[in-house]
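Heads up, the thing below is written out as structure tokens.
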Amino acid sequence: MSQTPPVPVRHYLQFTDLTADEYAHLFARAAEIKRKFKAYEKYHPLADRTLAMIFEKASTRTRVSFEAGMYQLGGSVVHLTTGDSQLGRSEPIEDSARVISRMTDLVMIRTFGQDKIERFAAHSRVPVINGLTNEFHPCQILADIFTYIEHRGSIQGKVVAWVGDGNNMANTWLQAAELLGFTVHLSTPSGYEVDQAVAGLRSADSYKIFKDPEDACRGADLVTTDVWTSMGFEAENEARKKAFAEWCVDEAMMQVAKPDALFMHCLPAHRGEEVSAEVIDGPQSVVWDEAENRMHVQKALMEFLLLGHVNA
């Protein structure tokens, strides 16, 4: 009697790990899962499944969105912090992966270097999700694009203005643009540019670089930014404040974007630094929807990685 070969494990370590068609499915599932949540419809496809969350970088939104989301899908959660599990310090990352993946069904890791999560995934028997690394933040961009779709429809052919640091968020926006067919207008201070090699882009067709952040926002459908000093770079804080002084998203930048342009920020935000209070608390801001949507898209992602294409 022939046996069906095992389905290969799928990981989500950067935005390019899924196809455009798979993203279309995820966004549709996120919308349906969110509808069920709002209607108080019980939906437990991941009953008896366990998610391990490993945090070497703390985060309010990542923890709450994954933990609440997994419970809402009927599963359970094991939460590990740096004190509980120091990847590669108390034991090799490869050994941690082999052990943890034998006891759980899914692993989310929020850490520093992308190499750590790649090594863990290479030795894991279960799907691994990138909750954030220095190089990429795919779950956040997943939420951002879903939020755009909710408010304005398809993002294909649209313009996203990125104002600020050429960091993990910028890298992931560039990957998404190349894959899903939109354009990113990049404006970063000198010395804080995006490294195209890190983003792994095949060409420069899906983005344009602007020295003046206001020029980057001109005609944009979405304007987005991040803190000037990401976690792990605190020693550079004062230098960054000086370098980024002209890269505060303010009302003047939003006025040159399209009249119905949205503003997003992955949070936490520092009003008066990377964004003015008038913008983040203004009518074009959708940051609270964006924050909530982390939970809904991650629920769709966990469902997909564990169960494949579901249409319930």
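Here, A, B, ... name the chains of the structure tokens in the order displayed, residue numbers run from 1 inside each chain, and ligands are numbered from 1 in the same displayed order.
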Long-range neighbours of Ala243 in chain A as an mmCIF file with C-alpha atoms, in the first residue's frame, 10 Å cut-off, only C-alpha atoms, 5 positions minimum in chain:
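The result, written out as around.cif:
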data_model
loop_
_atom_site.group_PDB
_atom_site.id
_atom_site.type_symbol
_atom_site.label_atom_id
_atom_site.label_comp_id
_atom_site.auth_asym_id
_atom_site.auth_seq_id
_atom_site.Cartn_x
_atom_site.Cartn_y
_atom_site.Cartn_z
ATOM 1 C CA THR A 188 16.130 58.104 3.752
ATOM 2 C CA PRO A 189 18.820 60.336 5.250
ATOM 3 C CA SER A 190 22.324 59.967 3.864
ATOM 4 C CA GLY A 191 24.033 56.995 5.481
ATOM 5 C CA TYR A 192 20.743 55.224 6.275
ATOM 6 C CA TRP A 228 14.143 56.637 13.843
ATOM 7 C CA ASN A 237 19.818 57.538 19.135
ATOM 8 C CA GLU A 238 21.256 61.068 19.397
#
Open item on the list: Can you pull out the residues contacting Ala300 in chain A? Cut-off 7 Å, using only C-alpha atoms, and skip same-chain residues under 2 positions away; I want them as a list in words.
Closed with: Leu26, Arg29, Ala30, His296, Val297, Gln298, Met302, Glu303 and Phe304 of chain A
Hey, can you spit out that residue selection with C-alpha atoms as a CSV table (one decimal), in the first residue's frame?
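Final output, part23.csv:
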chain,number,residue,atom,x,y,z
A,26,LEU,CA,-4.2,35.0,2.8
A,29,ARG,CA,-8.8,34.4,4.7
A,30,ALA,CA,-7.8,37.3,6.9
A,296,HIS,CA,-6.1,38.8,11.8
A,297,VAL,CA,-3.4,38.4,9.1
A,298,GLN,CA,-1.3,36.3,11.5
A,302,MET,CA,-0.9,30.3,11.0
A,303,GLU,CA,-3.9,28.6,9.5
A,304,PHE,CA,-2.2,28.5,6.1
Open item on the list: What's the separation between CA of Thr60 in chain A and CA of Val163 in chain A, in Å to one decimal place?
Closed with: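 The value is 23.6 Å.
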TODO: Can you pull out every residue within 9 Å of range 100-112 of chain A, counting only C-alpha atoms, but drop anything in the same chain fewer than 2 positions away, and send it as an MDAnalysis selection string?
DONE: chainID A and resid 49:59 62 66 78 87 95:98 114:117 123:135 231:232 302 305:306
Atoms kept (C-alpha atoms) for selection, written as a PDB file, in the first residue's frame:
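Done, and the output landed in result-v7.pdb:
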ATOM      1  CA  ARG A  49      -2.118  22.858  18.240  1.00  0.00           C
ATOM      2  CA  THR A  50       0.602  24.700  20.170  1.00  0.00           C
ATOM      3  CA  LEU A  51       2.496  27.822  19.156  1.00  0.00           C
ATOM      4  CA  ALA A  52       5.918  28.468  20.712  1.00  0.00           C
ATOM      5  CA  MET A  53       6.833  32.159  20.823  1.00  0.00           C
ATOM      6  CA  ILE A  54      10.517  32.962  21.304  1.00  0.00           C
ATOM      7  CA  PHE A  55      11.326  36.590  22.130  1.00  0.00           C
ATOM      8  CA  GLU A  56      14.880  37.908  22.107  1.00  0.00           C
ATOM      9  CA  LYS A  57      13.375  41.326  21.292  1.00  0.00           C
ATOM     10  CA  ALA A  58      10.368  42.314  23.386  1.00  0.00           C
ATOM     11  CA  SER A  59       7.176  43.581  21.756  1.00  0.00           C
ATOM     12  CA  THR A  62       3.745  40.940  18.461  1.00  0.00           C
ATOM     13  CA  PHE A  66       0.103  36.110  18.160  1.00  0.00           C
ATOM     14  CA  VAL A  78       4.162  28.647  25.076  1.00  0.00           C
ATOM     15  CA  LEU A  87      19.199  31.114  21.066  1.00  0.00           C
ATOM     16  CA  ASP A  95      19.634  21.833  18.919  1.00  0.00           C
ATOM     17  CA  SER A  96      16.991  24.238  20.246  1.00  0.00           C
ATOM     18  CA  ALA A  97      15.147  23.926  16.948  1.00  0.00           C
ATOM     19  CA  ARG A  98      15.230  20.130  17.018  1.00  0.00           C
ATOM     20  CA  GLN A 114      18.113  36.947  10.217  1.00  0.00           C
ATOM     21  CA  ASP A 115      20.785  34.226  10.295  1.00  0.00           C
ATOM     22  CA  LYS A 116      19.431  33.003  13.659  1.00  0.00           C
ATOM     23  CA  ILE A 117      15.936  32.395  12.371  1.00  0.00           C
ATOM     24  CA  HIS A 123      16.466  22.272  11.676  1.00  0.00           C
ATOM     25  CA  SER A 124      12.786  22.658  12.617  1.00  0.00           C
ATOM     26  CA  ARG A 125      10.181  19.980  11.940  1.00  0.00           C
ATOM     27  CA  VAL A 126       7.397  22.585  12.098  1.00  0.00           C
ATOM     28  CA  PRO A 127       6.739  25.964  10.403  1.00  0.00           C
ATOM     29  CA  VAL A 128       8.738  28.932  11.673  1.00  0.00           C
ATOM     30  CA  ILE A 129       7.414  32.514  11.453  1.00  0.00           C
ATOM     31  CA  ASN A 130       9.545  35.650  11.516  1.00  0.00           C
ATOM     32  CA  GLY A 131       8.069  37.947  14.187  1.00  0.00           C
ATOM     33  CA  LEU A 132      10.817  40.480  13.361  1.00  0.00           C
ATOM     34  CA  THR A 133      14.544  40.441  12.677  1.00  0.00           C
ATOM     35  CA  ASN A 134      17.013  43.238  12.004  1.00  0.00           C
ATOM     36  CA  GLU A 135      16.597  42.582   8.282  1.00  0.00           C
ATOM     37  CA  MET A 231      15.481  48.189  18.861  1.00  0.00           C
ATOM     38  CA  GLY A 232      19.135  47.225  19.077  1.00  0.00           C
ATOM     39  CA  MET A 302      -0.870  30.302  10.970  1.00  0.00           C
ATOM     40  CA  LEU A 305       1.108  27.145   7.344  1.00  0.00           C
ATOM     41  CA  LEU A 306      -0.553  24.375   9.373  1.00  0.00           C
TER      42      LEU A 306
END
Open item on the list: When you look at range 31-40 of chain A with a cut-off of 12 Å (counting only C-alpha atoms), what residues show up, excluding the ones that are within fewer than 4 positions of it in the same chain? I need them as a ChimeraX atom specification.
Closed with: /A:24-27,44-45,68-69,71-73,143,146-147,149-150,289,292-303,310-312
Open item on the list: I'd like the neighbourhood of range 255-261 of chain A as a list in words, where a residue qualifies if any of its atoms comes within 10 Å (using only C-alpha atoms), though same-chain residues fewer than 2 positions away should be ignored.
Closed with: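 Here the qualifying residues turn out to be Tyr148, Arg152, Val159, Val160, Ala161, Glu214, Asp215, Ala216, Cys217, Arg218, Gly219, Ala220, Asp221, Leu222, Val223, Asp250, Glu251, Ala252, Met253, Phe263, Pro283, Gln284 and Ser285 of chain A.
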- [ ] Measure the distance from CA of Ser276 in chain A to CA of Glu246 in chain A in Å and round it to one decimal.
- [x]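 For CA of Ser276 in chain A relative to CA of Glu246 in chain A, the distance reads 11.9 Å.
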TODO: From a DSSP pass on the backbone, collect the residues of range 109-300 of chain A flagged as strand (DSSP E) and hand them back as a ChimeraX atom specification.
DONE: /A:109-110,128-132,159-163,183-187,207-209,222-225,262-265
Prev. selection, N, CA and C atoms, output as a compact mmCIF listing (two decimals), in the first residue's frame:
# COMPACT_ATOMS: atom_id res chain seq x y z
N ILE A 109 9.47 33.47 16.07
CA ILE A 109 10.70 33.99 16.68
C ILE A 109 10.84 35.47 16.36
N ARG A 110 11.15 36.24 17.38
CA ARG A 110 11.45 37.67 17.23
C ARG A 110 12.86 37.87 17.78
N VAL A 128 8.15 27.85 10.88
CA VAL A 128 8.74 28.93 11.67
C VAL A 128 8.31 30.25 11.06
N ILE A 129 7.87 31.20 11.90
CA ILE A 129 7.41 32.51 11.45
C ILE A 129 8.35 33.59 11.99
N ASN A 130 8.72 34.51 11.12
CA ASN A 130 9.54 35.65 11.52
C ASN A 130 8.66 36.72 12.15
N GLY A 131 8.80 36.90 13.48
CA GLY A 131 8.07 37.95 14.19
C GLY A 131 8.78 39.27 14.14
N LEU A 132 9.97 39.31 13.63
CA LEU A 132 10.82 40.48 13.36
C LEU A 132 12.27 40.06 13.50
N VAL A 159 1.22 53.66 -5.22
CA VAL A 159 2.51 54.19 -4.78
C VAL A 159 2.54 54.28 -3.25
N VAL A 160 3.55 53.65 -2.66
CA VAL A 160 3.77 53.70 -1.22
C VAL A 160 5.01 54.54 -0.96
N ALA A 161 4.88 55.59 -0.18
CA ALA A 161 6.03 56.44 0.17
C ALA A 161 6.58 55.98 1.51
N TRP A 162 7.86 55.60 1.50
CA TRP A 162 8.55 55.24 2.74
C TRP A 162 9.46 56.38 3.13
N VAL A 163 9.23 56.98 4.30
CA VAL A 163 10.00 58.13 4.77
C VAL A 163 10.71 57.73 6.06
N THR A 183 4.66 50.32 -6.40
CA THR A 183 5.93 51.06 -6.40
C THR A 183 6.17 51.69 -5.03
N VAL A 184 7.40 51.63 -4.57
CA VAL A 184 7.79 52.29 -3.32
C VAL A 184 8.65 53.51 -3.63
N HIS A 185 8.27 54.65 -3.08
CA HIS A 185 9.09 55.86 -3.13
C HIS A 185 9.89 55.92 -1.84
N LEU A 186 11.20 55.80 -1.93
CA LEU A 186 12.07 55.75 -0.76
C LEU A 186 12.75 57.09 -0.52
N SER A 187 12.69 57.55 0.72
CA SER A 187 13.49 58.71 1.11
C SER A 187 14.09 58.46 2.47
N TYR A 207 10.92 50.48 -7.33
CA TYR A 207 11.10 51.56 -6.37
C TYR A 207 11.88 52.72 -6.98
N LYS A 208 11.69 53.90 -6.38
CA LYS A 208 12.40 55.11 -6.78
C LYS A 208 12.95 55.77 -5.52
N ILE A 209 14.13 56.38 -5.65
CA ILE A 209 14.79 57.00 -4.49
C ILE A 209 14.70 58.51 -4.60
N LEU A 222 -0.19 55.89 -0.21
CA LEU A 222 0.06 55.53 1.19
C LEU A 222 1.39 56.12 1.62
N VAL A 223 1.41 56.78 2.76
CA VAL A 223 2.65 57.31 3.35
C VAL A 223 2.88 56.56 4.65
N THR A 224 4.09 56.04 4.82
CA THR A 224 4.36 55.24 6.01
C THR A 224 5.79 55.48 6.51
N THR A 225 5.98 55.24 7.79
CA THR A 225 7.28 55.47 8.41
C THR A 225 7.46 54.56 9.61
N LEU A 262 -3.52 57.34 2.65
CA LEU A 262 -3.55 56.86 4.02
C LEU A 262 -2.19 57.05 4.67
N PHE A 263 -2.18 57.14 6.00
CA PHE A 263 -0.92 57.15 6.76
C PHE A 263 -0.87 55.92 7.65
N MET A 264 0.30 55.25 7.65
CA MET A 264 0.51 54.09 8.51
C MET A 264 1.82 54.20 9.27
N HIS A 265 1.85 53.53 10.41
CA HIS A 265 3.04 53.46 11.26
C HIS A 265 2.92 52.16 12.04
Task: Atom pair CA of His11 in chain A / CA of Ala122 in chain A: separation (Å) - done: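 Interatomic distance here is 9.4 Å.
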TODO: Please provide as a list in words all residues within 7 Å of Asn167 in chain A, with the sequence filter that same-chain residues fewer than 2 positions apart are discarded (counting only C-alpha atoms).
DONE: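 The neighbour list is Glu135, Asp165, Met169, Ala170, Asn171 and Val194 of chain A.
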Task: Best match for closeness to Tyr43 in chain A among A:Pro138, A:Asp226, A:Gly74, A:Ala199, counting only C-alpha atoms - done: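 Looking at the shortest contact to Tyr43 in chain A, the residue is A:Gly74.
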TODO: Enumerate, as an NGL selection string, the complete set of residues in range 83-307 of chain A that a backbone-based DSSP assignment places in helix (DSSP H, G or I).
DONE: :A and (93-103 or 114-122 or 138-152 or 168-180 or 196-199 or 213-217 or 234-243 or 251-256 or 277-280 or 287-307)
Restricting the output to C-alpha atoms, write the selected residues as a short mmCIF file (atom, residue, chain, number, x, y, z; two decimals), in the first residue's frame.
data_model
loop_
_atom_site.label_atom_id
_atom_site.label_comp_id
_atom_site.auth_asym_id
_atom_site.auth_seq_id
_atom_site.Cartn_x
_atom_site.Cartn_y
_atom_site.Cartn_z
CA ILE A 93 20.38 27.11 17.74
CA GLU A 94 20.16 23.89 15.74
CA ASP A 95 19.63 21.83 18.92
CA SER A 96 16.99 24.24 20.25
CA ALA A 97 15.15 23.93 16.95
CA ARG A 98 15.23 20.13 17.02
CA VAL A 99 13.85 20.02 20.58
CA ILE A 100 11.23 22.79 20.46
CA SER A 101 9.84 21.61 17.11
CA ARG A 102 9.24 18.12 18.53
CA MET A 103 7.01 19.54 21.28
CA GLN A 114 18.11 36.95 10.22
CA ASP A 115 20.79 34.23 10.30
CA LYS A 116 19.43 33.00 13.66
CA ILE A 117 15.94 32.39 12.37
CA GLU A 118 17.25 30.85 9.14
CA ARG A 119 19.37 28.38 11.14
CA PHE A 120 16.45 27.55 13.43
CA ALA A 121 14.11 26.94 10.50
CA ALA A 122 16.64 24.71 8.75
CA PRO A 138 7.08 40.36 6.99
CA CYS A 139 4.12 40.02 9.38
CA GLN A 140 3.91 43.81 9.72
CA ILE A 141 3.88 44.42 5.97
CA LEU A 142 1.30 41.65 5.65
CA ALA A 143 -0.91 43.62 8.06
CA ASP A 144 -0.19 46.94 6.35
CA ILE A 145 -1.16 45.69 2.89
CA PHE A 146 -4.30 44.03 4.26
CA THR A 147 -5.21 47.33 5.94
CA TYR A 148 -4.72 49.19 2.66
CA ILE A 149 -6.93 46.66 0.85
CA GLU A 150 -9.65 47.09 3.51
CA HIS A 151 -9.70 50.86 3.05
CA ARG A 152 -8.83 51.39 -0.61
CA ASN A 168 13.74 45.95 8.13
CA MET A 169 10.40 47.57 7.32
CA ALA A 170 11.81 49.29 4.24
CA ASN A 171 13.45 46.06 3.06
CA THR A 172 10.16 44.21 3.39
CA TRP A 173 8.15 46.92 1.63
CA LEU A 174 10.56 46.62 -1.30
CA GLN A 175 10.13 42.85 -1.44
CA ALA A 176 6.34 43.25 -1.36
CA ALA A 177 6.36 45.86 -4.14
CA GLU A 178 8.36 43.63 -6.46
CA LEU A 179 6.10 40.65 -5.75
CA LEU A 180 2.68 42.34 -5.73
CA GLN A 196 19.36 46.36 -2.10
CA ALA A 197 21.46 43.23 -1.56
CA VAL A 198 19.85 42.61 1.84
CA ALA A 199 16.36 43.08 0.40
CA PRO A 213 11.07 63.24 1.66
CA GLU A 214 8.33 65.60 0.48
CA ASP A 215 9.10 64.63 -3.13
CA ALA A 216 8.77 60.97 -2.15
CA CYS A 217 5.26 61.65 -0.80
CA GLU A 234 19.77 52.67 20.91
CA ALA A 235 23.43 53.76 21.11
CA GLU A 236 22.88 55.68 17.85
CA ASN A 237 19.82 57.54 19.13
CA GLU A 238 21.26 61.07 19.40
CA ALA A 239 23.09 60.83 16.07
CA ARG A 240 19.92 59.57 14.42
CA LYS A 241 17.81 62.41 15.84
CA LYS A 242 20.10 64.89 14.10
CA ALA A 243 20.32 62.95 10.83
CA GLU A 251 0.93 67.78 7.30
CA ALA A 252 2.96 69.29 4.45
CA MET A 253 4.03 65.83 3.30
CA MET A 254 0.48 64.46 3.51
CA GLN A 255 -0.84 67.45 1.54
CA VAL A 256 1.31 66.59 -1.48
CA ALA A 277 0.71 64.41 16.19
CA GLU A 278 -1.51 66.09 13.59
CA VAL A 279 -0.79 63.28 11.11
CA ILE A 280 -0.88 60.17 13.31
CA VAL A 287 -2.66 53.06 12.53
CA TRP A 288 -5.16 51.51 14.96
CA ASP A 289 -6.77 49.37 12.26
CA GLU A 290 -3.25 48.48 11.13
CA ALA A 291 -2.28 47.39 14.65
CA GLU A 292 -5.40 45.24 15.09
CA ASN A 293 -4.90 43.67 11.68
CA ARG A 294 -1.60 42.15 12.79
CA MET A 295 -3.73 39.64 14.70
CA HIS A 296 -6.07 38.83 11.83
CA VAL A 297 -3.42 38.35 9.13
CA GLN A 298 -1.27 36.28 11.48
CA LYS A 299 -4.25 34.05 12.22
CA ALA A 300 -4.66 33.54 8.47
CA LEU A 301 -0.93 32.88 8.16
CA MET A 302 -0.87 30.30 10.97
CA GLU A 303 -3.93 28.58 9.48
CA PHE A 304 -2.22 28.46 6.07
CA LEU A 305 1.11 27.15 7.34
CA LEU A 306 -0.55 24.37 9.37
CA LEU A 307 -3.60 23.48 7.27
#
